[in-house]
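In what follows, a structure is listed as structure tokens, so that the remarks can point back to it.
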Number of protein chains: 2
Amino acid sequence: MLVLHVTIHVLPEHVDAFRAATLDNAWHSLQEPGVARFDVLQQEDDPTRFVLVEAYRDADAPAAHKETAHYLRWRDTVAPMMAEPRRGVRCTALTPAPLG
Amino acid sequence: MLVLHVTIHVLPEHVDAFRAATLDNAWHSLQEPGVARFDVLQQEDDPTRFVLVEAYRDADAPAAHKETAHYLRWRDTVAPMMAEPRRGVRCTALTPAPLG
């Protein structure tokens, strides 16, 4: 299974707004048929750092996600909140248990 | 929920052995009552890079995990396979859907 792993560093003054916008995006993304997981993790010792772990059921699902209204709204809302460009890495899940 | 997020970079000649040892550890870890998830992700464009996403049900579970025979076996087996020290970051899961 394809997992997109996104590391994000936000400006301190935008942490609360980023959390709210990202949880909204996560909730809507979980309704997409191609999305098995959409986890939002916040680093304990530095709350300006987040990780999104997005598990997709098929190869077309990431592109479909990027066309949704909730993704586009999130992308535009959080753009000015970034401390540095976010970094996405495509991974293959090897886990013995199924994701989702 | 506490999520331990571990990034790992292995030497190219040890990728297959690292995968095997880590999947063994993941399978056994998923039998621990305190472990909700133990995902093993391998980076698509650089297969020497892995991420473990370990979700724990309570604050004591990570310490309990580190005392298990399968963790200690994994730790000793993979120690000589590392290209650089692995990096663990403690995170809080904010995700709207429950993990596990």
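Following the order of the structure tokens, chains are lettered A, B, ..., residues in each are numbered from 1, and ligands are numbered from 1.
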Counting only C-alpha atoms, which residues of chain A come no farther than 7 Å from chain B, as a PDB file with N, CA and C atoms, in the first residue's frame?
ATOM      1  N   LEU A  23      -7.061  19.153  10.803  1.00  0.00           N
ATOM      2  CA  LEU A  23      -8.039  18.159  11.261  1.00  0.00           C
ATOM      3  C   LEU A  23      -9.290  18.191  10.391  1.00  0.00           C
ATOM      4  N   TRP A  27     -10.443  14.876   8.384  1.00  0.00           N
ATOM      5  CA  TRP A  27     -11.795  14.311   8.538  1.00  0.00           C
ATOM      6  C   TRP A  27     -12.446  14.117   7.168  1.00  0.00           C
ATOM      7  N   ASP A  39      -3.552  10.221   9.123  1.00  0.00           N
ATOM      8  CA  ASP A  39      -3.171  10.501  10.503  1.00  0.00           C
ATOM      9  C   ASP A  39      -2.470  11.843  10.603  1.00  0.00           C
ATOM     10  N   VAL A  40      -2.792  12.555  11.644  1.00  0.00           N
ATOM     11  CA  VAL A  40      -2.149  13.845  11.929  1.00  0.00           C
ATOM     12  C   VAL A  40      -1.395  13.685  13.247  1.00  0.00           C
ATOM     13  N   LEU A  41      -0.060  13.801  13.174  1.00  0.00           N
ATOM     14  CA  LEU A  41       0.785  13.655  14.363  1.00  0.00           C
ATOM     15  C   LEU A  41       1.454  14.998  14.657  1.00  0.00           C
ATOM     16  N   GLN A  42       1.506  15.333  15.951  1.00  0.00           N
ATOM     17  CA  GLN A  42       2.177  16.562  16.382  1.00  0.00           C
ATOM     18  C   GLN A  42       3.328  16.185  17.307  1.00  0.00           C
ATOM     19  N   GLN A  43       4.515  16.710  17.029  1.00  0.00           N
ATOM     20  CA  GLN A  43       5.711  16.340  17.802  1.00  0.00           C
ATOM     21  C   GLN A  43       5.599  16.862  19.238  1.00  0.00           C
ATOM     22  N   GLU A  44       5.905  15.990  20.218  1.00  0.00           N
ATOM     23  CA  GLU A  44       5.719  16.369  21.624  1.00  0.00           C
ATOM     24  C   GLU A  44       6.651  17.494  22.059  1.00  0.00           C
ATOM     25  N   VAL A  89       7.160  12.405   1.157  1.00  0.00           N
ATOM     26  CA  VAL A  89       7.940  11.247   0.715  1.00  0.00           C
ATOM     27  C   VAL A  89       6.972  10.099   0.481  1.00  0.00           C
ATOM     28  N   ARG A  90       7.091   9.469  -0.691  1.00  0.00           N
ATOM     29  CA  ARG A  90       6.244   8.310  -0.991  1.00  0.00           C
ATOM     30  C   ARG A  90       6.901   7.048  -0.432  1.00  0.00           C
ATOM     31  N   CYS A  91       6.116   6.251   0.273  1.00  0.00           N
ATOM     32  CA  CYS A  91       6.625   5.019   0.887  1.00  0.00           C
ATOM     33  C   CYS A  91       5.715   3.852   0.509  1.00  0.00           C
ATOM     34  N   THR A  92       6.269   2.660   0.634  1.00  0.00           N
ATOM     35  CA  THR A  92       5.489   1.434   0.531  1.00  0.00           C
ATOM     36  C   THR A  92       5.329   0.870   1.932  1.00  0.00           C
ATOM     37  N   ALA A  93       4.103   0.514   2.294  1.00  0.00           N
ATOM     38  CA  ALA A  93       3.856  -0.075   3.612  1.00  0.00           C
ATOM     39  C   ALA A  93       4.157  -1.568   3.552  1.00  0.00           C
ATOM     40  N   LEU A  94       5.063  -2.014   4.415  1.00  0.00           N
ATOM     41  CA  LEU A  94       5.462  -3.420   4.482  1.00  0.00           C
ATOM     42  C   LEU A  94       4.798  -4.139   5.653  1.00  0.00           C
ATOM     43  N   THR A  95       4.051  -3.372   6.438  1.00  0.00           N
ATOM     44  CA  THR A  95       3.516  -3.855   7.708  1.00  0.00           C
ATOM     45  C   THR A  95       2.765  -5.174   7.554  1.00  0.00           C
ATOM     46  N   PRO A  96       2.944  -6.067   8.492  1.00  0.00           N
ATOM     47  CA  PRO A  96       2.232  -7.350   8.388  1.00  0.00           C
ATOM     48  C   PRO A  96       0.716  -7.211   8.502  1.00  0.00           C
TER      49      PRO A  96
END
Enumerate as a ChimeraX atom specification all residues of chain B assigned to strand (DSSP E) by DSSP on the backbone, naming them with the chain letters and numbers the document uses.
-> /B:2-9,35-43,49-56,87-93
May I have the residues from that selection written out with N, CA and C atoms, as a tab-separated table (two decimals), in the first residue's frame?
chain	number	residue	atom	x	y	z
B	2	LEU	N	-0.12	8.26	22.02
B	2	LEU	CA	1.31	8.44	21.79
B	2	LEU	C	1.76	7.64	20.56
B	3	VAL	N	2.44	8.32	19.66
B	3	VAL	CA	3.00	7.66	18.48
B	3	VAL	C	4.50	7.93	18.44
B	4	LEU	N	5.26	6.88	18.38
B	4	LEU	CA	6.70	7.01	18.22
B	4	LEU	C	7.01	6.84	16.74
B	5	HIS	N	7.73	7.82	16.23
B	5	HIS	CA	7.97	7.91	14.80
B	5	HIS	C	9.49	7.80	14.62
B	6	VAL	N	9.94	6.71	14.00
B	6	VAL	CA	11.37	6.42	13.95
B	6	VAL	C	11.84	6.42	12.50
B	7	THR	N	12.82	7.27	12.18
B	7	THR	CA	13.39	7.28	10.83
B	7	THR	C	14.73	6.54	10.87
B	8	ILE	N	14.92	5.69	9.85
B	8	ILE	CA	16.04	4.76	9.84
B	8	ILE	C	16.68	4.78	8.46
B	9	HIS	N	18.00	4.82	8.45
B	9	HIS	CA	18.77	4.78	7.19
B	9	HIS	C	19.74	3.61	7.31
B	35	VAL	N	0.41	-2.14	22.19
B	35	VAL	CA	0.75	-1.66	20.84
B	35	VAL	C	-0.50	-1.66	19.96
B	36	ALA	N	-0.89	-0.47	19.49
B	36	ALA	CA	-2.07	-0.37	18.61
B	36	ALA	C	-1.69	-0.52	17.15
B	37	ARG	N	-0.50	-0.04	16.82
B	37	ARG	CA	0.00	-0.14	15.44
B	37	ARG	C	1.50	-0.25	15.47
B	38	PHE	N	2.03	-0.91	14.46
B	38	PHE	CA	3.48	-0.96	14.29
B	38	PHE	C	3.73	-1.04	12.80
B	39	ASP	N	3.70	0.12	12.16
B	39	ASP	CA	3.81	0.17	10.69
B	39	ASP	C	5.26	0.27	10.27
B	40	VAL	N	5.59	-0.44	9.22
B	40	VAL	CA	6.93	-0.39	8.64
B	40	VAL	C	6.78	0.18	7.23
B	41	LEU	N	7.37	1.35	7.01
B	41	LEU	CA	7.29	2.01	5.70
B	41	LEU	C	8.69	2.08	5.09
B	42	GLN	N	8.75	1.81	3.79
B	42	GLN	CA	10.02	1.89	3.06
B	42	GLN	C	9.89	2.96	1.99
B	43	GLN	N	10.86	3.86	1.94
B	43	GLN	CA	10.78	4.99	1.00
B	43	GLN	C	10.91	4.50	-0.44
B	49	ARG	N	15.93	3.78	3.10
B	49	ARG	CA	15.31	4.60	4.15
B	49	ARG	C	13.96	4.04	4.55
B	50	PHE	N	13.76	3.91	5.85
B	50	PHE	CA	12.54	3.33	6.42
B	50	PHE	C	11.97	4.28	7.48
B	51	VAL	N	10.68	4.14	7.71
B	51	VAL	CA	10.03	4.82	8.84
B	51	VAL	C	9.22	3.77	9.58
B	52	LEU	N	9.35	3.76	10.90
B	52	LEU	CA	8.46	2.96	11.74
B	52	LEU	C	7.48	3.93	12.41
B	53	VAL	N	6.21	3.57	12.38
B	53	VAL	CA	5.18	4.37	13.05
B	53	VAL	C	4.56	3.46	14.10
B	54	GLU	N	4.91	3.71	15.35
B	54	GLU	CA	4.53	2.82	16.46
B	54	GLU	C	3.51	3.55	17.34
B	55	ALA	N	2.27	3.09	17.35
B	55	ALA	CA	1.21	3.73	18.15
B	55	ALA	C	0.99	2.90	19.41
B	56	TYR	N	1.06	3.58	20.56
B	56	TYR	CA	0.96	2.92	21.86
B	56	TYR	C	-0.33	3.33	22.57
B	87	ARG	N	16.57	7.80	14.41
B	87	ARG	CA	16.08	8.98	15.10
B	87	ARG	C	14.61	8.74	15.46
B	88	GLY	N	14.32	8.77	16.76
B	88	GLY	CA	12.95	8.58	17.23
B	88	GLY	C	12.36	9.88	17.74
B	89	VAL	N	11.13	10.16	17.35
B	89	VAL	CA	10.44	11.38	17.78
B	89	VAL	C	9.10	10.97	18.37
B	90	ARG	N	8.81	11.47	19.56
B	90	ARG	CA	7.51	11.19	20.19
B	90	ARG	C	6.49	12.21	19.70
B	91	CYS	N	5.34	11.69	19.28
B	91	CYS	CA	4.28	12.55	18.76
B	91	CYS	C	2.96	12.23	19.46
B	92	THR	N	2.04	13.18	19.38
B	92	THR	CA	0.67	12.96	19.81
B	92	THR	C	-0.19	12.83	18.56
B	93	ALA	N	-1.03	11.80	18.53
B	93	ALA	CA	-1.92	11.62	17.38
B	93	ALA	C	-3.16	12.48	17.58
Record the distance separating atom CA of A:His70 and atom CA of A:Ala20, expressed in Å with one decimal.
->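 Those two atoms sit 12.8 Å apart.
Shortest separation to A:Pro62 among A:Gly34, A:Val15, A:Glu84, A:Arg75 occurs at residue A:Gly34, atoms counted being only C-alpha atoms.
With atom CA of B:Met81 on one side and atom CA of B:Glu13 on the other, the separation reads 8.3 Å.
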Where does DSSP see alpha helix (DSSP H) in chain A, if you list the residues as an NGL selection string?
-> :A and (15-29 or 61-65 or 69-78)
Name the residues in contact with A:Pro80 at a cut-off of 10 Å, using only C-alpha atoms, excluding same-chain residues fewer than 2 positions from it; report them as number ranges by chain.
-> A: 10-11, 14, 75-78, 82-83
One decimal, Å: what's the distance from atom CA of B:Thr68 over to atom CA of B:Pro12, could you say?
->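 Distance between the two atoms: 27.8 Å.
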